[in-house]
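This is data18.cif. It holds mmCIF, N, CA and C atoms.
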```cif
data_run
loop_
_atom_site.label_atom_id
_atom_site.label_comp_id
_atom_site.auth_asym_id
_atom_site.auth_seq_id
_atom_site.Cartn_x
_atom_site.Cartn_y
_atom_site.Cartn_z
N MET A 1 -3.40 -13.69 10.80
CA MET A 1 -2.39 -14.72 10.90
C MET A 1 -1.16 -14.11 11.60
N THR A 2 -0.71 -14.76 12.61
CA THR A 2 0.45 -14.26 13.33
C THR A 2 1.74 -14.74 12.64
N THR A 3 2.82 -14.05 12.94
CA THR A 3 4.09 -14.47 12.34
C THR A 3 4.54 -15.83 12.88
N THR A 4 4.10 -16.18 14.08
CA THR A 4 4.44 -17.49 14.63
C THR A 4 3.75 -18.60 13.84
N VAL A 5 2.48 -18.39 13.53
CA VAL A 5 1.75 -19.37 12.72
C VAL A 5 2.41 -19.50 11.35
N LEU A 6 2.78 -18.37 10.76
CA LEU A 6 3.45 -18.40 9.46
C LEU A 6 4.77 -19.16 9.55
N ARG A 7 5.54 -18.88 10.59
CA ARG A 7 6.83 -19.57 10.76
C ARG A 7 6.64 -21.08 10.84
N ASP A 8 5.68 -21.49 11.66
CA ASP A 8 5.47 -22.93 11.85
C ASP A 8 4.89 -23.59 10.61
N ALA A 9 3.97 -22.92 9.93
CA ALA A 9 3.30 -23.51 8.76
C ALA A 9 4.24 -23.63 7.57
N THR A 10 5.22 -22.75 7.49
CA THR A 10 6.11 -22.74 6.32
C THR A 10 7.50 -23.26 6.60
N HIS A 11 7.78 -23.59 7.86
CA HIS A 11 9.13 -24.00 8.26
C HIS A 11 10.12 -22.91 7.87
N TRP A 12 9.71 -21.68 8.19
CA TRP A 12 10.43 -20.48 7.76
C TRP A 12 11.93 -20.53 8.05
N ASP A 13 12.29 -20.80 9.28
CA ASP A 13 13.70 -20.75 9.67
C ASP A 13 14.55 -21.70 8.84
N GLU A 14 14.04 -22.91 8.61
CA GLU A 14 14.79 -23.89 7.83
C GLU A 14 14.88 -23.47 6.36
N VAL A 15 13.78 -22.95 5.81
CA VAL A 15 13.75 -22.57 4.40
C VAL A 15 14.70 -21.41 4.12
N VAL A 16 14.65 -20.35 4.93
CA VAL A 16 15.53 -19.21 4.66
C VAL A 16 16.99 -19.58 4.89
N ALA A 17 17.27 -20.46 5.84
CA ALA A 17 18.65 -20.90 6.07
C ALA A 17 19.14 -21.70 4.86
N GLU A 18 18.30 -22.59 4.36
CA GLU A 18 18.69 -23.41 3.21
C GLU A 18 18.92 -22.56 1.96
N LEU A 19 18.11 -21.51 1.80
CA LEU A 19 18.26 -20.62 0.64
C LEU A 19 19.38 -19.60 0.82
N GLY A 20 19.86 -19.46 2.05
CA GLY A 20 20.90 -18.48 2.32
C GLY A 20 20.37 -17.06 2.49
N TYR A 21 19.09 -16.95 2.88
CA TYR A 21 18.45 -15.65 3.06
C TYR A 21 18.08 -15.40 4.52
N GLU A 22 18.98 -15.67 5.43
CA GLU A 22 18.68 -15.52 6.85
C GLU A 22 18.28 -14.10 7.22
N HIS A 23 18.65 -13.11 6.36
CA HIS A 23 18.31 -11.71 6.64
C HIS A 23 16.82 -11.42 6.44
N LEU A 24 16.09 -12.31 5.75
CA LEU A 24 14.66 -12.10 5.55
C LEU A 24 13.91 -12.30 6.85
N ARG A 25 12.95 -11.44 7.08
CA ARG A 25 12.14 -11.53 8.29
C ARG A 25 10.68 -11.75 7.91
N ARG A 26 9.99 -12.53 8.69
CA ARG A 26 8.58 -12.81 8.42
C ARG A 26 7.75 -11.53 8.40
N HIS A 27 8.10 -10.59 9.26
CA HIS A 27 7.33 -9.36 9.35
C HIS A 27 7.38 -8.58 8.02
N GLY A 28 8.45 -8.72 7.27
CA GLY A 28 8.55 -8.08 5.97
C GLY A 28 7.48 -8.58 5.00
N LEU A 29 7.08 -9.83 5.17
CA LEU A 29 6.02 -10.37 4.32
C LEU A 29 4.70 -9.65 4.56
N ARG A 30 4.50 -9.19 5.77
CA ARG A 30 3.28 -8.45 6.11
C ARG A 30 3.23 -7.15 5.31
N HIS A 31 4.34 -6.43 5.31
CA HIS A 31 4.43 -5.19 4.54
C HIS A 31 4.20 -5.46 3.05
N THR A 32 4.88 -6.45 2.53
CA THR A 32 4.79 -6.77 1.11
C THR A 32 3.38 -7.22 0.73
N GLY A 33 2.83 -8.14 1.49
CA GLY A 33 1.50 -8.66 1.18
C GLY A 33 0.42 -7.58 1.23
N LEU A 34 0.46 -6.76 2.26
CA LEU A 34 -0.55 -5.69 2.36
C LEU A 34 -0.37 -4.66 1.25
N THR A 35 0.87 -4.34 0.91
CA THR A 35 1.11 -3.39 -0.18
C THR A 35 0.61 -3.95 -1.50
N TRP A 36 0.88 -5.22 -1.77
CA TRP A 36 0.41 -5.83 -3.02
C TRP A 36 -1.12 -5.82 -3.08
N MET A 37 -1.76 -6.12 -1.96
CA MET A 37 -3.23 -6.11 -1.96
C MET A 37 -3.76 -4.69 -2.18
N ALA A 38 -3.12 -3.70 -1.57
CA ALA A 38 -3.54 -2.31 -1.77
C ALA A 38 -3.35 -1.91 -3.23
N ASP A 39 -2.21 -2.29 -3.82
CA ASP A 39 -1.94 -1.98 -5.23
C ASP A 39 -2.96 -2.67 -6.15
N ALA A 40 -3.50 -3.80 -5.69
CA ALA A 40 -4.50 -4.53 -6.48
C ALA A 40 -5.90 -3.95 -6.31
N GLY A 41 -6.02 -2.93 -5.44
CA GLY A 41 -7.32 -2.27 -5.28
C GLY A 41 -8.12 -2.68 -4.07
N VAL A 42 -7.55 -3.48 -3.18
CA VAL A 42 -8.28 -3.86 -1.98
C VAL A 42 -8.43 -2.61 -1.11
N PRO A 43 -9.65 -2.27 -0.72
CA PRO A 43 -9.86 -1.05 0.09
C PRO A 43 -9.15 -1.12 1.44
N LEU A 44 -8.74 0.04 1.92
CA LEU A 44 -8.00 0.13 3.18
C LEU A 44 -8.77 -0.47 4.35
N HIS A 45 -10.08 -0.25 4.40
CA HIS A 45 -10.85 -0.79 5.53
C HIS A 45 -10.86 -2.32 5.51
N VAL A 46 -10.76 -2.92 4.33
CA VAL A 46 -10.69 -4.38 4.23
C VAL A 46 -9.29 -4.85 4.62
N LEU A 47 -8.26 -4.12 4.19
CA LEU A 47 -6.89 -4.47 4.57
C LEU A 47 -6.73 -4.43 6.09
N ARG A 48 -7.38 -3.46 6.74
CA ARG A 48 -7.31 -3.37 8.20
C ARG A 48 -7.81 -4.64 8.84
N ILE A 49 -8.90 -5.18 8.33
CA ILE A 49 -9.47 -6.41 8.88
C ILE A 49 -8.54 -7.59 8.61
N ILE A 50 -8.02 -7.67 7.39
CA ILE A 50 -7.10 -8.76 7.04
C ILE A 50 -5.87 -8.73 7.94
N ALA A 51 -5.34 -7.53 8.19
CA ALA A 51 -4.14 -7.38 9.01
C ALA A 51 -4.43 -7.58 10.49
N GLY A 52 -5.70 -7.43 10.87
CA GLY A 52 -6.04 -7.55 12.28
C GLY A 52 -5.66 -6.32 13.08
N ASP A 53 -5.57 -5.19 12.39
CA ASP A 53 -5.18 -3.94 13.05
C ASP A 53 -6.40 -3.28 13.69
N GLY A 54 -6.15 -2.49 14.72
CA GLY A 54 -7.23 -1.79 15.41
C GLY A 54 -7.60 -0.47 14.74
N SER A 55 -6.71 0.07 13.93
CA SER A 55 -7.00 1.35 13.30
C SER A 55 -6.47 1.39 11.87
N LEU A 56 -7.08 2.26 11.07
CA LEU A 56 -6.62 2.43 9.69
C LEU A 56 -5.21 3.01 9.66
N GLN A 57 -4.88 3.85 10.63
CA GLN A 57 -3.55 4.46 10.67
C GLN A 57 -2.46 3.39 10.83
N THR A 58 -2.74 2.39 11.63
CA THR A 58 -1.77 1.30 11.81
C THR A 58 -1.58 0.56 10.49
N THR A 59 -2.67 0.25 9.82
CA THR A 59 -2.59 -0.46 8.55
C THR A 59 -1.82 0.36 7.52
N GLN A 60 -2.07 1.65 7.47
CA GLN A 60 -1.40 2.51 6.49
C GLN A 60 0.11 2.48 6.64
N ARG A 61 0.60 2.27 7.84
CA ARG A 61 2.05 2.21 8.05
C ARG A 61 2.71 1.04 7.34
N TYR A 62 1.92 0.02 7.01
CA TYR A 62 2.47 -1.15 6.34
C TYR A 62 2.52 -0.99 4.82
N LEU A 63 1.88 0.03 4.29
CA LEU A 63 1.76 0.18 2.84
C LEU A 63 2.91 1.01 2.29
N HIS A 64 3.54 0.49 1.25
CA HIS A 64 4.69 1.15 0.63
C HIS A 64 4.52 1.15 -0.88
N PRO A 65 3.81 2.15 -1.42
CA PRO A 65 3.62 2.16 -2.87
C PRO A 65 4.96 2.29 -3.59
N ASP A 66 5.09 1.58 -4.71
CA ASP A 66 6.33 1.66 -5.45
C ASP A 66 6.31 2.85 -6.41
N LEU A 67 7.42 3.10 -7.06
CA LEU A 67 7.55 4.25 -7.94
C LEU A 67 6.51 4.20 -9.06
N ARG A 68 6.22 3.00 -9.58
CA ARG A 68 5.22 2.89 -10.64
C ARG A 68 3.86 3.38 -10.18
N ALA A 69 3.48 3.08 -8.95
CA ALA A 69 2.19 3.52 -8.43
C ALA A 69 2.16 5.03 -8.28
N LEU A 70 3.27 5.61 -7.84
CA LEU A 70 3.33 7.06 -7.69
C LEU A 70 3.28 7.77 -9.04
N VAL A 71 4.00 7.23 -10.03
CA VAL A 71 3.97 7.80 -11.38
C VAL A 71 2.57 7.67 -11.97
N ALA A 72 1.93 6.53 -11.77
CA ALA A 72 0.57 6.33 -12.29
C ALA A 72 -0.40 7.32 -11.66
N ALA A 73 -0.23 7.61 -10.39
CA ALA A 73 -1.10 8.59 -9.72
C ALA A 73 -0.91 9.97 -10.34
N GLY A 74 0.33 10.34 -10.60
CA GLY A 74 0.61 11.63 -11.24
C GLY A 74 0.03 11.72 -12.63
N ARG A 75 0.17 10.65 -13.40
CA ARG A 75 -0.39 10.62 -14.76
C ARG A 75 -1.91 10.71 -14.72
N SER A 76 -2.50 10.03 -13.76
CA SER A 76 -3.95 10.07 -13.63
C SER A 76 -4.43 11.49 -13.34
N LEU A 77 -3.74 12.17 -12.44
CA LEU A 77 -4.10 13.55 -12.13
C LEU A 77 -3.90 14.45 -13.34
N SER A 78 -2.79 14.29 -14.04
CA SER A 78 -2.52 15.11 -15.23
C SER A 78 -3.60 14.91 -16.29
N GLY A 79 -3.98 13.65 -16.51
CA GLY A 79 -5.04 13.36 -17.47
C GLY A 79 -6.35 13.99 -17.08
N HIS A 80 -6.65 13.93 -15.81
CA HIS A 80 -7.89 14.54 -15.32
C HIS A 80 -7.87 16.05 -15.53
N LEU A 81 -6.74 16.67 -15.19
CA LEU A 81 -6.64 18.12 -15.33
C LEU A 81 -6.68 18.56 -16.79
N ARG A 82 -6.07 17.78 -17.67
CA ARG A 82 -6.12 18.10 -19.11
C ARG A 82 -7.54 18.00 -19.66
N GLY A 83 -8.31 17.10 -19.12
CA GLY A 83 -9.67 16.89 -19.60
C GLY A 83 -10.70 17.70 -18.87
N ALA A 84 -10.27 18.49 -17.89
CA ALA A 84 -11.23 19.28 -17.11
C ALA A 84 -11.84 20.36 -17.98
N PRO A 85 -13.15 20.48 -17.95
CA PRO A 85 -13.79 21.52 -18.76
C PRO A 85 -13.47 22.92 -18.23
N ALA A 86 -13.51 23.89 -19.12
CA ALA A 86 -13.30 25.28 -18.72
C ALA A 86 -14.46 25.70 -17.81
N PRO A 87 -14.20 26.62 -16.88
CA PRO A 87 -15.28 27.08 -16.00
C PRO A 87 -16.39 27.76 -16.80
N SER A 88 -17.60 27.61 -16.33
CA SER A 88 -18.73 28.28 -16.97
C SER A 88 -18.55 29.78 -16.84
N ARG A 89 -19.30 30.55 -17.66
CA ARG A 89 -19.16 32.02 -17.61
C ARG A 89 -19.46 32.58 -16.22
N PRO A 90 -20.55 32.16 -15.55
CA PRO A 90 -20.80 32.71 -14.20
C PRO A 90 -19.68 32.35 -13.23
N LEU A 91 -19.18 31.11 -13.31
CA LEU A 91 -18.09 30.71 -12.43
C LEU A 91 -16.83 31.49 -12.76
N ALA A 92 -16.53 31.65 -14.04
CA ALA A 92 -15.35 32.40 -14.46
C ALA A 92 -15.43 33.85 -13.94
N ALA A 93 -16.61 34.45 -14.03
CA ALA A 93 -16.77 35.82 -13.55
C ALA A 93 -16.56 35.88 -12.04
N SER A 94 -17.06 34.90 -11.31
CA SER A 94 -16.87 34.86 -9.86
C SER A 94 -15.41 34.69 -9.51
N LEU A 95 -14.73 33.82 -10.25
CA LEU A 95 -13.31 33.61 -10.00
C LEU A 95 -12.51 34.87 -10.29
N GLN A 96 -12.87 35.57 -11.37
CA GLN A 96 -12.19 36.81 -11.73
C GLN A 96 -12.39 37.86 -10.63
N ALA A 97 -13.58 37.93 -10.06
CA ALA A 97 -13.88 38.91 -9.03
C ALA A 97 -13.07 38.65 -7.76
N LEU A 98 -12.68 37.41 -7.54
CA LEU A 98 -11.89 37.07 -6.35
C LEU A 98 -10.42 37.51 -6.46
N ARG A 99 -9.99 37.79 -7.67
CA ARG A 99 -8.57 38.18 -7.87
C ARG A 99 -8.35 39.52 -7.42
#
```
If you convert what's in this file into structure tokens, what do you get?
Amino acid sequence: MTTTVLRDATHWDEVVAELGYEHLRRHGLRHTGLTWMADAGVPLHVLRIIAGDGSLQTTQRYLHPDLRALVAAGRSLSGHLRGAPAPSRPLAASLQALR
């Protein structure tokens, strides 16, 4: 969906003027919508198709995880590391030999 189609379908200019939000830009909705879909678990390769981008790198530029998502990622890693089993004896011996 292009921003022109969005503008025409929603009467964007009139709506933002009436609400007093002339600073809002349609392109910002693209960033927000794609970020929300990514936060909801939509895979990046699917987001690329939805956005109509030619590459995953282009799509990634639109994604802006919020602080909650970053904190959740850190907690997830911490939980994983706390639950990680100790290395087996052969692995522990190999690791010790590398020191």
Since I can't run it myself right now, could you work out what the PyMOL selection byres ((chain A and resi 24-39) around 6.5) selects here and report it as a short mmCIF file (atom, residue, chain, number, x, y, z; two decimals) with N, CA and C atoms, in the coordinates of the input?
```cif
data_model
loop_
_atom_site.label_atom_id
_atom_site.label_comp_id
_atom_site.auth_asym_id
_atom_site.auth_seq_id
_atom_site.Cartn_x
_atom_site.Cartn_y
_atom_site.Cartn_z
N THR A 3 2.82 -14.05 12.94
CA THR A 3 4.09 -14.47 12.34
C THR A 3 4.54 -15.83 12.88
N TYR A 21 19.09 -16.95 2.88
CA TYR A 21 18.45 -15.65 3.06
C TYR A 21 18.08 -15.40 4.52
N GLU A 22 18.98 -15.67 5.43
CA GLU A 22 18.68 -15.52 6.85
C GLU A 22 18.28 -14.10 7.22
N HIS A 23 18.65 -13.11 6.36
CA HIS A 23 18.31 -11.71 6.64
C HIS A 23 16.82 -11.42 6.44
N ALA A 40 -3.50 -3.80 -5.69
CA ALA A 40 -4.50 -4.53 -6.48
C ALA A 40 -5.90 -3.95 -6.31
N GLY A 41 -6.02 -2.93 -5.44
CA GLY A 41 -7.32 -2.27 -5.28
C GLY A 41 -8.12 -2.68 -4.07
N VAL A 42 -7.55 -3.48 -3.18
CA VAL A 42 -8.28 -3.86 -1.98
C VAL A 42 -8.43 -2.61 -1.11
N PRO A 43 -9.65 -2.27 -0.72
CA PRO A 43 -9.86 -1.05 0.09
C PRO A 43 -9.15 -1.12 1.44
N TYR A 62 1.92 0.02 7.01
CA TYR A 62 2.47 -1.15 6.34
C TYR A 62 2.52 -0.99 4.82
N LEU A 63 1.88 0.03 4.29
CA LEU A 63 1.76 0.18 2.84
C LEU A 63 2.91 1.01 2.29
N HIS A 64 3.54 0.49 1.25
CA HIS A 64 4.69 1.15 0.63
C HIS A 64 4.52 1.15 -0.88
N PRO A 65 3.81 2.15 -1.42
CA PRO A 65 3.62 2.16 -2.87
C PRO A 65 4.96 2.29 -3.59
#
```
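The interatomic distance for the pair atom C of Asp8 (chain A) and atom N of Arg48 (chain A) works out to 23.9 Å.
Going from atom C of Thr2 (chain A) to atom N of Ser55 (chain A) covers 17.1 Å.
Taking atom C of Thr59 (chain A) and atom C of His45 (chain A) as the two end points, the separation is 9.6 Å.
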Incomplete region 44-58 of chain A filled out to N, CA, C and O atoms as a PDB file, in the coordinates of the input:
```pdb
ATOM      1  N   LEU A  44      -8.740   0.040   1.920  1.00  0.00           N
ATOM      2  CA  LEU A  44      -8.000   0.130   3.180  1.00  0.00           C
ATOM      3  C   LEU A  44      -8.770  -0.470   4.350  1.00  0.00           C
ATOM      4  O   LEU A  44      -8.183  -1.165   5.185  1.00  0.00           O
ATOM      5  N   HIS A  45     -10.080  -0.250   4.400  1.00  0.00           N
ATOM      6  CA  HIS A  45     -10.850  -0.790   5.530  1.00  0.00           C
ATOM      7  C   HIS A  45     -10.860  -2.320   5.510  1.00  0.00           C
ATOM      8  O   HIS A  45     -10.929  -2.960   6.556  1.00  0.00           O
ATOM      9  N   VAL A  46     -10.760  -2.920   4.330  1.00  0.00           N
ATOM     10  CA  VAL A  46     -10.690  -4.380   4.230  1.00  0.00           C
ATOM     11  C   VAL A  46      -9.290  -4.850   4.620  1.00  0.00           C
ATOM     12  O   VAL A  46      -9.138  -5.851   5.328  1.00  0.00           O
ATOM     13  N   LEU A  47      -8.260  -4.120   4.190  1.00  0.00           N
ATOM     14  CA  LEU A  47      -6.890  -4.470   4.570  1.00  0.00           C
ATOM     15  C   LEU A  47      -6.730  -4.430   6.090  1.00  0.00           C
ATOM     16  O   LEU A  47      -6.024  -5.260   6.669  1.00  0.00           O
ATOM     17  N   ARG A  48      -7.380  -3.460   6.740  1.00  0.00           N
ATOM     18  CA  ARG A  48      -7.310  -3.370   8.200  1.00  0.00           C
ATOM     19  C   ARG A  48      -7.810  -4.640   8.840  1.00  0.00           C
ATOM     20  O   ARG A  48      -7.206  -5.173   9.780  1.00  0.00           O
ATOM     21  N   ILE A  49      -8.900  -5.180   8.330  1.00  0.00           N
ATOM     22  CA  ILE A  49      -9.470  -6.410   8.880  1.00  0.00           C
ATOM     23  C   ILE A  49      -8.540  -7.590   8.610  1.00  0.00           C
ATOM     24  O   ILE A  49      -8.286  -8.408   9.490  1.00  0.00           O
ATOM     25  N   ILE A  50      -8.020  -7.670   7.390  1.00  0.00           N
ATOM     26  CA  ILE A  50      -7.100  -8.760   7.040  1.00  0.00           C
ATOM     27  C   ILE A  50      -5.870  -8.730   7.940  1.00  0.00           C
ATOM     28  O   ILE A  50      -5.416  -9.766   8.429  1.00  0.00           O
ATOM     29  N   ALA A  51      -5.340  -7.530   8.190  1.00  0.00           N
ATOM     30  CA  ALA A  51      -4.140  -7.380   9.010  1.00  0.00           C
ATOM     31  C   ALA A  51      -4.430  -7.580  10.490  1.00  0.00           C
ATOM     32  O   ALA A  51      -3.512  -7.822  11.275  1.00  0.00           O
ATOM     33  N   GLY A  52      -5.700  -7.430  10.870  1.00  0.00           N
ATOM     34  CA  GLY A  52      -6.040  -7.550  12.280  1.00  0.00           C
ATOM     35  C   GLY A  52      -5.660  -6.320  13.080  1.00  0.00           C
ATOM     36  O   GLY A  52      -5.467  -6.391  14.293  1.00  0.00           O
ATOM     37  N   ASP A  53      -5.570  -5.190  12.390  1.00  0.00           N
ATOM     38  CA  ASP A  53      -5.180  -3.940  13.050  1.00  0.00           C
ATOM     39  C   ASP A  53      -6.400  -3.280  13.690  1.00  0.00           C
ATOM     40  O   ASP A  53      -7.521  -3.423  13.217  1.00  0.00           O
ATOM     41  N   GLY A  54      -6.150  -2.490  14.720  1.00  0.00           N
ATOM     42  CA  GLY A  54      -7.230  -1.790  15.410  1.00  0.00           C
ATOM     43  C   GLY A  54      -7.600  -0.470  14.740  1.00  0.00           C
ATOM     44  O   GLY A  54      -8.697   0.034  14.972  1.00  0.00           O
ATOM     45  N   SER A  55      -6.710   0.070  13.930  1.00  0.00           N
ATOM     46  CA  SER A  55      -7.000   1.350  13.300  1.00  0.00           C
ATOM     47  C   SER A  55      -6.470   1.390  11.870  1.00  0.00           C
ATOM     48  O   SER A  55      -5.537   0.652  11.527  1.00  0.00           O
ATOM     49  N   LEU A  56      -7.080   2.260  11.070  1.00  0.00           N
ATOM     50  CA  LEU A  56      -6.620   2.430   9.690  1.00  0.00           C
ATOM     51  C   LEU A  56      -5.210   3.010   9.660  1.00  0.00           C
ATOM     52  O   LEU A  56      -4.422   2.692   8.762  1.00  0.00           O
ATOM     53  N   GLN A  57      -4.880   3.850  10.630  1.00  0.00           N
ATOM     54  CA  GLN A  57      -3.550   4.460  10.670  1.00  0.00           C
ATOM     55  C   GLN A  57      -2.460   3.390  10.830  1.00  0.00           C
ATOM     56  O   GLN A  57      -1.403   3.481  10.215  1.00  0.00           O
ATOM     57  N   THR A  58      -2.740   2.390  11.630  1.00  0.00           N
ATOM     58  CA  THR A  58      -1.770   1.300  11.810  1.00  0.00           C
ATOM     59  C   THR A  58      -1.580   0.560  10.490  1.00  0.00           C
ATOM     60  O   THR A  58      -0.452   0.293  10.085  1.00  0.00           O
TER      61      THR A  58
END
```
